[in-house]
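Text of the file structure_4.cif, holding mmCIF, C-alpha atoms:
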data_work
#
loop_
_atom_site.label_atom_id
_atom_site.label_comp_id
_atom_site.auth_asym_id
_atom_site.auth_seq_id
_atom_site.Cartn_x
_atom_site.Cartn_y
_atom_site.Cartn_z
CA MET A 1304 -106.56 99.51 -40.44
CA HIS A 1305 -102.96 100.61 -40.86
CA LEU A 1306 -102.82 99.06 -44.31
CA ILE A 1307 -106.03 100.79 -45.42
CA LEU A 1308 -104.91 104.16 -44.08
CA PHE A 1309 -101.49 103.73 -45.67
CA PHE A 1310 -102.91 102.88 -49.08
CA LEU A 1311 -105.49 105.65 -48.92
CA PHE A 1312 -103.05 108.41 -48.03
CA ALA A 1313 -100.15 107.09 -50.10
CA GLY A 1314 -102.61 107.14 -53.00
CA PHE A 1315 -103.54 110.72 -52.20
CA CYS A 1316 -99.83 111.58 -52.08
CA LEU A 1317 -99.08 110.03 -55.45
CA ALA A 1318 -102.21 111.46 -57.07
CA GLY A 1319 -101.34 114.93 -55.78
CA ALA A 1320 -97.73 114.67 -56.95
CA ILE A 1321 -98.76 113.48 -60.41
CA ASN A 1322 -101.42 116.18 -60.59
CA LEU A 1323 -98.72 118.73 -59.73
CA LEU A 1324 -96.81 117.65 -62.81
CA VAL A 1325 -99.83 117.46 -65.13
CA GLN A 1326 -101.49 120.78 -64.29
CA THR A 1327 -100.37 123.74 -66.31
CA HIS A 1328 -101.73 126.47 -64.09
CA PRO A 1329 -99.54 127.22 -61.04
CA ILE A 1330 -102.50 127.62 -58.71
CA ASN A 1331 -103.67 124.06 -59.45
CA SER A 1332 -100.15 122.78 -58.84
CA ALA A 1333 -100.06 124.62 -55.52
CA LEU A 1334 -103.38 123.15 -54.41
CA SER A 1335 -102.29 119.61 -55.32
CA LEU A 1336 -99.06 120.17 -53.38
CA ILE A 1337 -101.22 121.01 -50.34
CA VAL A 1338 -102.94 117.63 -50.80
CA VAL A 1339 -99.54 115.91 -50.89
CA MET A 1340 -98.33 117.65 -47.75
CA THR A 1341 -101.49 117.01 -45.75
CA SER A 1342 -101.46 113.31 -46.71
CA LEU A 1343 -97.82 113.16 -45.65
CA ALA A 1344 -98.89 114.53 -42.27
CA VAL A 1345 -101.26 111.56 -41.88
CA LEU A 1346 -98.43 109.18 -42.81
CA TYR A 1347 -96.27 110.81 -40.10
CA LEU A 1348 -99.09 110.14 -37.64
CA LEU A 1349 -99.12 106.49 -38.70
CA LEU A 1350 -95.39 106.33 -38.00
CA GLY A 1351 -95.84 107.75 -34.52
CA ALA A 1352 -94.52 111.25 -35.17
CA GLU A 1353 -97.41 113.30 -33.79
CA PHE A 1354 -95.51 116.53 -33.34
CA LEU A 1355 -94.12 116.43 -36.86
CA ALA A 1356 -97.58 115.72 -38.28
CA ILE A 1357 -98.99 118.85 -36.69
CA ALA A 1358 -95.89 120.87 -37.61
CA GLN A 1359 -96.21 119.60 -41.19
CA ILE A 1360 -99.78 120.85 -41.40
CA ILE A 1361 -99.04 124.20 -39.76
CA VAL A 1362 -95.70 124.98 -41.40
CA TYR A 1363 -96.00 123.35 -44.80
CA SER A 1364 -99.68 123.16 -45.71
CA GLY A 1365 -100.31 126.33 -43.76
CA ALA A 1366 -97.50 128.84 -43.93
CA VAL A 1367 -95.37 127.81 -46.90
CA MET A 1368 -98.23 126.99 -49.24
CA VAL A 1369 -100.11 130.16 -48.33
CA LEU A 1370 -96.94 132.01 -49.30
CA PHE A 1371 -96.88 130.13 -52.61
CA VAL A 1372 -100.55 130.76 -53.37
CA PHE A 1373 -100.13 134.39 -52.36
CA VAL A 1374 -97.20 134.88 -54.74
CA VAL A 1375 -99.03 133.10 -57.58
CA MET A 1376 -101.96 135.48 -57.13
CA LEU A 1377 -99.75 138.53 -56.60
CA LEU A 1378 -97.80 137.94 -59.80
CA ASN A 1379 -100.96 136.94 -61.65
CA ALA A 1380 -99.13 133.94 -63.04
CA GLY A 1381 -101.08 132.58 -65.93
CA ARG A 1382 -101.06 129.29 -67.73
CA GLU A 1383 -97.52 128.21 -68.38
CA GLU A 1384 -96.45 128.23 -71.97
CA ARG A 1385 -95.55 124.90 -73.49
CA THR A 1386 -92.07 125.05 -74.80
CA LEU A 1387 -89.97 122.27 -76.14
CA GLY A 1388 -87.99 122.15 -72.96
CA SER A 1389 -84.29 121.95 -72.81
CA LEU A 1390 -82.49 119.33 -74.83
CA ALA A 1391 -80.28 118.37 -71.90
CA ALA A 1392 -83.33 117.68 -69.75
CA SER A 1393 -84.86 115.26 -72.22
CA ARG A 1394 -81.65 113.56 -73.34
CA VAL A 1395 -79.87 113.20 -70.01
CA GLY A 1396 -82.44 114.13 -67.40
CA PHE A 1397 -85.15 111.53 -67.86
CA PRO A 1398 -82.83 108.51 -68.16
CA ALA A 1399 -81.05 109.88 -65.11
CA VAL A 1400 -84.33 110.09 -63.17
CA VAL A 1401 -85.27 106.54 -64.19
CA ALA A 1402 -81.82 105.31 -63.18
CA LEU A 1403 -82.05 107.21 -59.87
CA PHE A 1404 -85.41 105.67 -59.05
CA ALA A 1405 -84.20 102.20 -60.07
CA VAL A 1406 -81.16 102.50 -57.82
CA LEU A 1407 -83.22 103.80 -54.90
CA ALA A 1408 -85.84 101.07 -55.27
CA THR A 1409 -83.21 98.35 -55.56
CA ILE A 1410 -81.45 99.54 -52.43
CA ILE A 1411 -84.70 99.86 -50.49
CA LEU A 1412 -85.90 96.41 -51.48
CA HIS A 1413 -82.58 94.89 -50.46
CA ILE A 1414 -82.44 96.38 -46.96
CA HIS A 1415 -82.65 93.56 -44.48
CA GLY A 1416 -83.97 93.92 -40.99
CA LEU A 1417 -86.61 96.56 -41.65
CA ASN A 1418 -89.43 96.21 -39.16
CA ALA A 1419 -93.09 96.37 -40.00
CA ALA A 1420 -94.88 99.52 -38.92
CA HIS A 1421 -97.44 98.73 -36.27
CA LEU A 1422 -100.19 101.24 -35.62
CA GLY A 1423 -99.78 102.85 -32.22
CA ASP A 1424 -96.08 102.19 -31.83
CA GLY A 1425 -94.04 105.31 -31.38
CA LEU A 1426 -90.40 105.97 -30.74
CA SER A 1427 -90.52 104.39 -27.34
CA ASN A 1428 -92.86 101.76 -26.06
CA ALA A 1429 -92.88 103.20 -22.57
CA PRO A 1430 -96.45 104.00 -21.58
CA GLY A 1431 -97.35 107.60 -21.02
CA GLN A 1432 -94.26 109.00 -22.72
CA SER A 1433 -95.40 111.14 -25.56
CA ASN A 1434 -93.55 111.87 -28.75
CA LEU A 1435 -93.40 115.54 -27.84
CA VAL A 1436 -91.65 114.86 -24.52
CA LEU A 1437 -89.02 112.67 -26.17
CA LEU A 1438 -88.47 115.23 -28.90
CA SER A 1439 -88.14 118.24 -26.62
CA GLN A 1440 -85.83 116.44 -24.19
CA VAL A 1441 -83.27 115.99 -26.94
CA LEU A 1442 -83.98 119.24 -28.74
CA PHE A 1443 -83.65 121.53 -25.74
CA HIS A 1444 -80.72 119.79 -24.07
CA GLU A 1445 -78.26 118.36 -26.55
CA LEU A 1446 -79.32 120.26 -29.64
CA LEU A 1447 -80.01 123.64 -28.06
CA LEU A 1448 -77.25 125.43 -29.98
CA PRO A 1449 -78.41 124.26 -33.44
CA PHE A 1450 -81.95 125.20 -32.46
CA GLU A 1451 -80.90 128.74 -31.55
CA VAL A 1452 -78.76 129.03 -34.68
CA THR A 1453 -81.80 128.06 -36.75
CA SER A 1454 -83.80 130.85 -35.15
CA VAL A 1455 -81.08 133.29 -36.23
CA LEU A 1456 -81.31 131.78 -39.72
CA ILE A 1457 -85.07 132.40 -39.78
CA LEU A 1458 -84.49 136.01 -38.69
CA ILE A 1459 -81.91 136.53 -41.46
CA ALA A 1460 -84.32 134.95 -43.96
CA ILE A 1461 -87.08 137.38 -42.94
CA LEU A 1462 -84.73 140.35 -43.33
CA GLY A 1463 -83.45 138.97 -46.63
CA ALA A 1464 -86.96 138.47 -47.98
CA VAL A 1465 -87.91 142.04 -47.08
CA ALA A 1466 -84.68 143.41 -48.56
CA LEU A 1467 -85.15 141.44 -51.79
CA ALA A 1468 -88.80 142.28 -52.30
CA HIS A 1469 -88.34 145.94 -51.38
CA VAL A 1470 -88.25 148.32 -54.32
CA GLU A 1471 -85.43 150.82 -54.18
CA GLY A 1472 -86.67 154.37 -53.76
CA SER A 1473 -90.30 153.49 -53.28
CA LYS A 1474 -92.07 155.12 -50.42
CA LEU A 1475 -94.93 153.78 -48.45
CA PRO A 1476 -98.00 155.99 -48.65
CA ASN A 1477 -97.98 158.57 -45.86
CA SER A 1478 -94.56 157.49 -44.74
CA GLU A 1479 -93.79 161.07 -43.71
CA THR A 1480 -96.91 161.57 -41.69
CA ALA A 1481 -96.73 158.19 -39.97
CA ALA A 1482 -94.08 159.29 -37.54
CA PRO A 1483 -93.34 157.16 -34.52
CA LYS A 1484 -95.41 158.21 -31.57
CA MET B 1400 -110.43 90.54 -40.35
CA SER B 1401 -106.76 89.65 -40.65
CA PHE B 1402 -106.50 92.25 -43.39
CA LEU B 1403 -107.44 94.93 -40.88
CA GLN B 1404 -104.77 93.83 -38.41
CA GLN B 1405 -101.99 93.67 -40.96
CA ASP B 1406 -98.89 95.78 -40.49
CA VAL B 1407 -97.25 97.79 -43.23
CA PRO B 1408 -93.63 97.00 -44.12
CA LEU B 1409 -91.42 100.03 -43.68
CA SER B 1410 -89.95 99.48 -47.14
CA TRP B 1411 -93.28 100.60 -48.59
CA TYR B 1412 -92.91 103.95 -46.88
CA LEU B 1413 -89.37 104.20 -48.26
CA LEU B 1414 -90.59 103.28 -51.74
CA LEU B 1415 -93.28 105.96 -51.52
CA SER B 1416 -90.58 108.41 -50.52
CA ALA B 1417 -88.42 107.38 -53.50
CA ILE B 1418 -91.37 107.73 -55.89
CA LEU B 1419 -92.21 111.18 -54.55
CA PHE B 1420 -88.58 112.26 -54.84
CA SER B 1421 -88.39 111.04 -58.45
CA LEU B 1422 -91.63 112.82 -59.27
CA GLY B 1423 -90.12 115.96 -57.79
CA VAL B 1424 -87.05 115.61 -60.00
CA VAL B 1425 -89.27 115.07 -63.06
CA GLY B 1426 -91.26 118.19 -62.14
CA PHE B 1427 -88.04 120.14 -61.76
CA LEU B 1428 -87.07 119.11 -65.29
CA ILE B 1429 -90.36 119.46 -67.18
CA LYS B 1430 -92.05 122.43 -65.52
CA ARG B 1431 -91.56 125.72 -67.32
CA ASN B 1432 -92.83 128.07 -64.62
CA LEU B 1433 -90.46 129.39 -61.97
CA ILE B 1434 -92.99 128.94 -59.15
CA THR B 1435 -93.83 125.36 -60.15
CA VAL B 1436 -90.14 124.49 -60.35
CA PHE B 1437 -89.84 125.81 -56.81
CA MET B 1438 -92.82 123.68 -55.75
CA SER B 1439 -91.07 120.59 -57.15
CA ILE B 1440 -88.14 121.34 -54.85
CA GLU B 1441 -90.54 121.46 -51.90
CA LEU B 1442 -91.93 118.09 -53.01
CA MET B 1443 -88.43 116.60 -52.97
CA LEU B 1444 -87.80 118.00 -49.48
CA ASN B 1445 -91.04 116.42 -48.27
CA ALA B 1446 -90.09 113.05 -49.77
CA VAL B 1447 -86.78 113.11 -47.92
CA ASN B 1448 -88.59 114.04 -44.70
CA LEU B 1449 -90.79 110.96 -45.06
CA SER B 1450 -87.78 108.68 -45.26
CA PHE B 1451 -86.25 110.41 -42.21
CA VAL B 1452 -89.42 109.73 -40.21
CA THR B 1453 -89.46 106.13 -41.43
CA PHE B 1454 -85.90 105.51 -40.31
CA ALA B 1455 -86.58 107.24 -37.00
CA TYR B 1456 -89.40 104.73 -36.51
CA GLN B 1457 -87.17 101.83 -37.51
CA TRP B 1458 -84.42 102.54 -35.01
CA HIS B 1459 -86.56 104.19 -32.31
CA GLU B 1460 -84.26 107.19 -32.60
CA VAL B 1461 -85.72 110.61 -31.90
CA ARG B 1462 -82.91 112.48 -33.66
CA GLY B 1463 -84.34 111.48 -37.03
CA GLN B 1464 -87.51 113.36 -36.20
CA ILE B 1465 -85.52 116.34 -34.94
CA PHE B 1466 -83.69 116.41 -38.25
CA VAL B 1467 -87.06 116.62 -40.01
CA PHE B 1468 -87.93 119.53 -37.74
CA PHE B 1469 -84.76 121.36 -38.80
CA VAL B 1470 -85.44 120.58 -42.47
CA MET B 1471 -88.90 122.11 -42.05
CA MET B 1472 -87.51 125.29 -40.54
CA VAL B 1473 -84.85 125.67 -43.22
CA ALA B 1474 -87.43 124.95 -45.93
CA ALA B 1475 -89.68 127.67 -44.55
CA ALA B 1476 -86.79 130.15 -44.62
CA GLU B 1477 -85.87 128.96 -48.12
CA ALA B 1478 -89.45 129.43 -49.33
CA ALA B 1479 -89.56 133.00 -47.98
CA VAL B 1480 -86.25 134.00 -49.59
CA GLY B 1481 -86.93 132.09 -52.81
CA LEU B 1482 -90.33 133.65 -53.33
CA ALA B 1483 -88.86 137.10 -52.64
CA ILE B 1484 -86.27 136.37 -55.33
CA ILE B 1485 -89.06 135.26 -57.69
CA ILE B 1486 -90.91 138.54 -57.05
CA ALA B 1487 -87.71 140.50 -57.71
CA VAL B 1488 -87.07 138.55 -60.94
CA PHE B 1489 -90.65 139.09 -62.08
CA ARG B 1490 -90.32 142.81 -61.45
CA VAL B 1491 -87.25 143.04 -63.69
CA ARG B 1492 -88.11 140.55 -66.43
CA SER B 1493 -91.95 140.61 -66.31
CA THR B 1494 -92.09 136.87 -66.89
CA LEU B 1495 -92.00 133.67 -64.90
CA ALA B 1496 -91.05 131.34 -67.76
CA VAL B 1497 -87.69 129.77 -67.02
CA ASP B 1498 -86.80 129.82 -70.72
CA ARG B 1499 -86.88 133.60 -70.73
CA ILE B 1500 -84.85 134.05 -67.59
CA ASP B 1501 -81.58 133.10 -69.25
CA LEU B 1502 -79.27 135.93 -68.29
CA MET B 1503 -76.77 133.57 -66.66
CA LYS B 1504 -76.96 130.97 -69.42
CA LEU B 1505 -73.81 130.25 -71.35
#
Could you take the file, read its structure, and then write that structure out as C-alpha cells?
Amino acid sequence: MHLILFFLFAGFCLAGAINLLVQTHPINSALSLIVVMTSLAVLYLLLGAEFLAIAQIIVYSGAVMVLFVFVVMLLNAGREERTLGSLAASRVGFPAVVALFAVLATIILHIHGLNAAHLGDGLSNAPGQSNLVLLSQVLFHELLLPFEVTSVLILIAILGAVALAHVEGSKLPNSETAAPK
Amino acid sequence: MSFLQQDVPLSWYLLLSAILFSLGVVGFLIKRNLITVFMSIELMLNAVNLSFVTFAYQWHEVRGQIFVFFVMMVAAAEAAVGLAIIIAVFRVRSTLAVDRIDLMKL
C-alpha cells in the first residue's frame, strides 16, 4: 500500500514539476505547482508528519499559491516570450545542475543505515501520542523564542509587502470621508 | 500480496527530493518570467522540506519537522514580500520578462 501510494504521489510530484517547466503561461505553472505541493502533503502523511501535511496544504497550496495566482491575474501576465536565454545559464548552468544532481544522488545512494519507511510509523512508537503533541511540546517549550521571533518576522513581512505595493501619493477612494468613528 | 506490504526505502524519498530540487534549479535557469522564476524557488524550498521530513522520520527526531514548520513560515513571508516587489517592478517597468529587467546588470 505504501509503495503504491509513494509511486502514485511521487509521480504526481514529478509530473507537476516537469509541467511547471514546460508550460509557458504562468497560470499553468502555478496550477502545476499546486499539484506538486498537494502531492508532497500526501508524502508527508506517509512519513508520519500529519501536522506538516495539513500545514502544507493550508499554507502552501492554500495561502501562498492563491497569492501567486492572484498576482498572475492582477498583472495580467501573458505567455512568456521565448528568448535565447543567458549564455552563462546554458554554458555553466546546465552542466552545474547535472553535476549537482549526480553528487546528490551518489551521496544519497551511499548513505548506510537508512531505515525503510513503514506505513503508520510516526516519530515515536508510543501508542496514543500524536505527532501534534510531540511537535508542540518541543515548539512551545524549548523553541518558544524562535517561534515568537518568527511571528515578528511575519508582521514585518506584512508591513513590508504593504509598503512596497503601496503607490506613493495615491489616495483610496473616499479616504477623507471615511473618518474613524 | 507481498507487494502491498512492502516498505519504501527512505533513500527513494531523498532521491525524489534531489530530483525536485534539480528541477527547481533548471526552472530558475530556463524560465523567462519573473513569477515563474519565483515559483521555481518555492519548488526548491519544498524539495528541501521533503528531505527534512525524511530525516526526521529516520532519526525519530521531532526537531526536523519543526524546522520544516519554520521554513514554511519564512517562505510565506518571502512570498508576500517577493510578490509585492514583483508588483512594484511591474509598475515601473511594465514587463515581467527577466531579460528586460536588467537595470542592475553589469
Practice problem: For stretch 1402-1417 of chain B, please output as number ranges by chain all residues within 7 Å (counting all atoms listed in the file; exclusion window: fewer than 5 positions along the same chain). | Solution: A: 1304-1306, 1404, 1407-1408, 1411-1412, 1417-1421; B: 1446-1447, 1449-1450, 1453
Quiz item: Do you have the atom CA of A:Ala1344-atom CA of A:Ala1320 distance handy?
Solution: 14.7 Å
Practice problem: Find the residue from B:Val1491, B:Leu1433, B:Leu1505, B:Val1461 that sits nearest to chain A; use all atoms listed in the file when measuring. | Solution: B:Val1461
Quiz prompt | Proximity to chain A - best of B:Ile1500, B:Thr1435, B:Val1470, B:Phe1454, all atoms listed in the file | solution = B:Thr1435
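From atom CA of A:Gln1359 back to atom CA of A:Leu1426, the distance works out to 18.1 Å.
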Practice problem: Have a look at A:Leu1311, A:Val1436, A:Ile1459, A:Val1375 and name the one nearest to B:Val1480; count only C-alpha atoms. | Solution: A:Ile1459
Taking (-100.7, 116.6, -45.3) in the file's own coordinates, collect the residues within 10 Å, counting all atoms listed in the file, and hand them back as a short mmCIF file (atom, residue, chain, number, x, y, z; two decimals) with C-alpha atoms, in the frame of the given file.
data_model
loop_
_atom_site.label_atom_id
_atom_site.label_comp_id
_atom_site.auth_asym_id
_atom_site.auth_seq_id
_atom_site.Cartn_x
_atom_site.Cartn_y
_atom_site.Cartn_z
CA PHE A 1312 -103.05 108.41 -48.03
CA PHE A 1315 -103.54 110.72 -52.20
CA CYS A 1316 -99.83 111.58 -52.08
CA LEU A 1336 -99.06 120.17 -53.38
CA ILE A 1337 -101.22 121.01 -50.34
CA VAL A 1338 -102.94 117.63 -50.80
CA VAL A 1339 -99.54 115.91 -50.89
CA MET A 1340 -98.33 117.65 -47.75
CA THR A 1341 -101.49 117.01 -45.75
CA SER A 1342 -101.46 113.31 -46.71
CA LEU A 1343 -97.82 113.16 -45.65
CA ALA A 1344 -98.89 114.53 -42.27
CA VAL A 1345 -101.26 111.56 -41.88
CA LEU A 1346 -98.43 109.18 -42.81
CA TYR A 1347 -96.27 110.81 -40.10
CA ALA A 1356 -97.58 115.72 -38.28
CA ILE A 1357 -98.99 118.85 -36.69
CA GLN A 1359 -96.21 119.60 -41.19
CA ILE A 1360 -99.78 120.85 -41.40
CA ILE A 1361 -99.04 124.20 -39.76
CA TYR A 1363 -96.00 123.35 -44.80
CA SER A 1364 -99.68 123.16 -45.71
CA GLY A 1365 -100.31 126.33 -43.76
#
Quiz item: Looking at all atoms listed in the file, which of B:Gly1426, B:Arg1490, B:Gly1463, B:Met1503 is the one that sits closest to chain A?
Solution: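 The closest residue to chain A is B:Gly1426.
Using only C-alpha atoms, the shortest contact distance between A:Leu1422 and any of A:Leu1349, A:Leu1442, A:Leu1308, A:Leu1317 is found at A:Leu1349.
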Practice problem: Using atom CA of B:Gly1481 and atom CA of B:Val1436 as the two end points, give the distance in Å to one decimal. | Solution: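 That distance, rounded to one decimal, is 11.2 Å.
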Quiz item: From the list A:Ala1333, A:Leu1403, A:Leu1370, A:Ile1321, which residue is nearest B:Ala1479 when using all atoms listed in the file?
Solution: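 Closest candidate: A:Leu1370.
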Show which residues sit within 12 Å of A:Leu1446, as a PDB file with C-alpha atoms, keeping the file's coordinate frame. Count all atoms listed in the file, and ignore same-chain residues fewer than 6 positions away.
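So the final result, stored in around-v2.pdb, reads:
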ATOM      1  CA  LEU A1438     -88.470 115.230 -28.900  1.00  0.00           C
ATOM      2  CA  SER A1439     -88.140 118.240 -26.620  1.00  0.00           C
ATOM      3  CA  GLN A1440     -85.830 116.440 -24.190  1.00  0.00           C
ATOM      4  CA  VAL A1452     -78.760 129.030 -34.680  1.00  0.00           C
ATOM      5  CA  THR A1453     -81.800 128.060 -36.750  1.00  0.00           C
TER       6      THR A1453
ATOM      7  CA  VAL B1461     -85.720 110.610 -31.900  1.00  0.00           C
ATOM      8  CA  ARG B1462     -82.910 112.480 -33.660  1.00  0.00           C
ATOM      9  CA  ILE B1465     -85.520 116.340 -34.940  1.00  0.00           C
ATOM     10  CA  PHE B1466     -83.690 116.410 -38.250  1.00  0.00           C
ATOM     11  CA  PHE B1468     -87.930 119.530 -37.740  1.00  0.00           C
ATOM     12  CA  PHE B1469     -84.760 121.360 -38.800  1.00  0.00           C
TER      13      PHE B1469
END
Exercise. Within 12 Å of B:Val1425, counting all atoms listed in the file, which residues show up once you throw out same-chain ones fewer than 4 positions away? Write them as JSON, numbers by chain, please.
Key: {"A": [1320, 1321, 1323, 1324, 1325, 1392, 1393, 1395, 1396, 1397, 1398, 1399, 1400, 1401, 1403, 1404], "B": [1418, 1419, 1420, 1421, 1429, 1430, 1431, 1435, 1436, 1438, 1439, 1440, 1442, 1443]}
Quiz item: Could you pull the residues within 7 Å of B:Asn1432, counting all atoms listed in the file, minus those fewer than 4 positions along the same chain, as a list in words?
Solution: Glu1383 of chain A; Val1436, Leu1495, Ala1496 and Val1497 of chain B
Exercise. Carefully work through the PyMOL selection byres ((chain B and resi 1475) around 9) for this structure and note down the residues it includes, as a PyMOL selection string.
Key: (chain A and resi 1362-1363+1366-1367+1457) or (chain B and resi 1470-1474+1476-1480)
Self-check item: Selection result of the PyMOL selection byres ((chain A and resi 1374) around 10) on this file, as a list in words
Solution: Ile1330, Met1368, Val1369, Leu1370, Phe1371, Val1372, Phe1373, Val1375, Met1376, Leu1377, Leu1378, Asn1379 and Ala1380 of chain A; Ile1434, Leu1482, Ala1483, Ile1485 and Ile1486 of chain B
Padded axis-aligned box of stretch 1449-1463 of chain A (4 Å per side), centre and edge lengths, Å, one decimal, as lines of an AutoDock Vina configuration file:
center_x = -82.7
center_y = 132.3
center_z = -39.1
size_x = 16.7
size_y = 24.1
size_z = 23.1
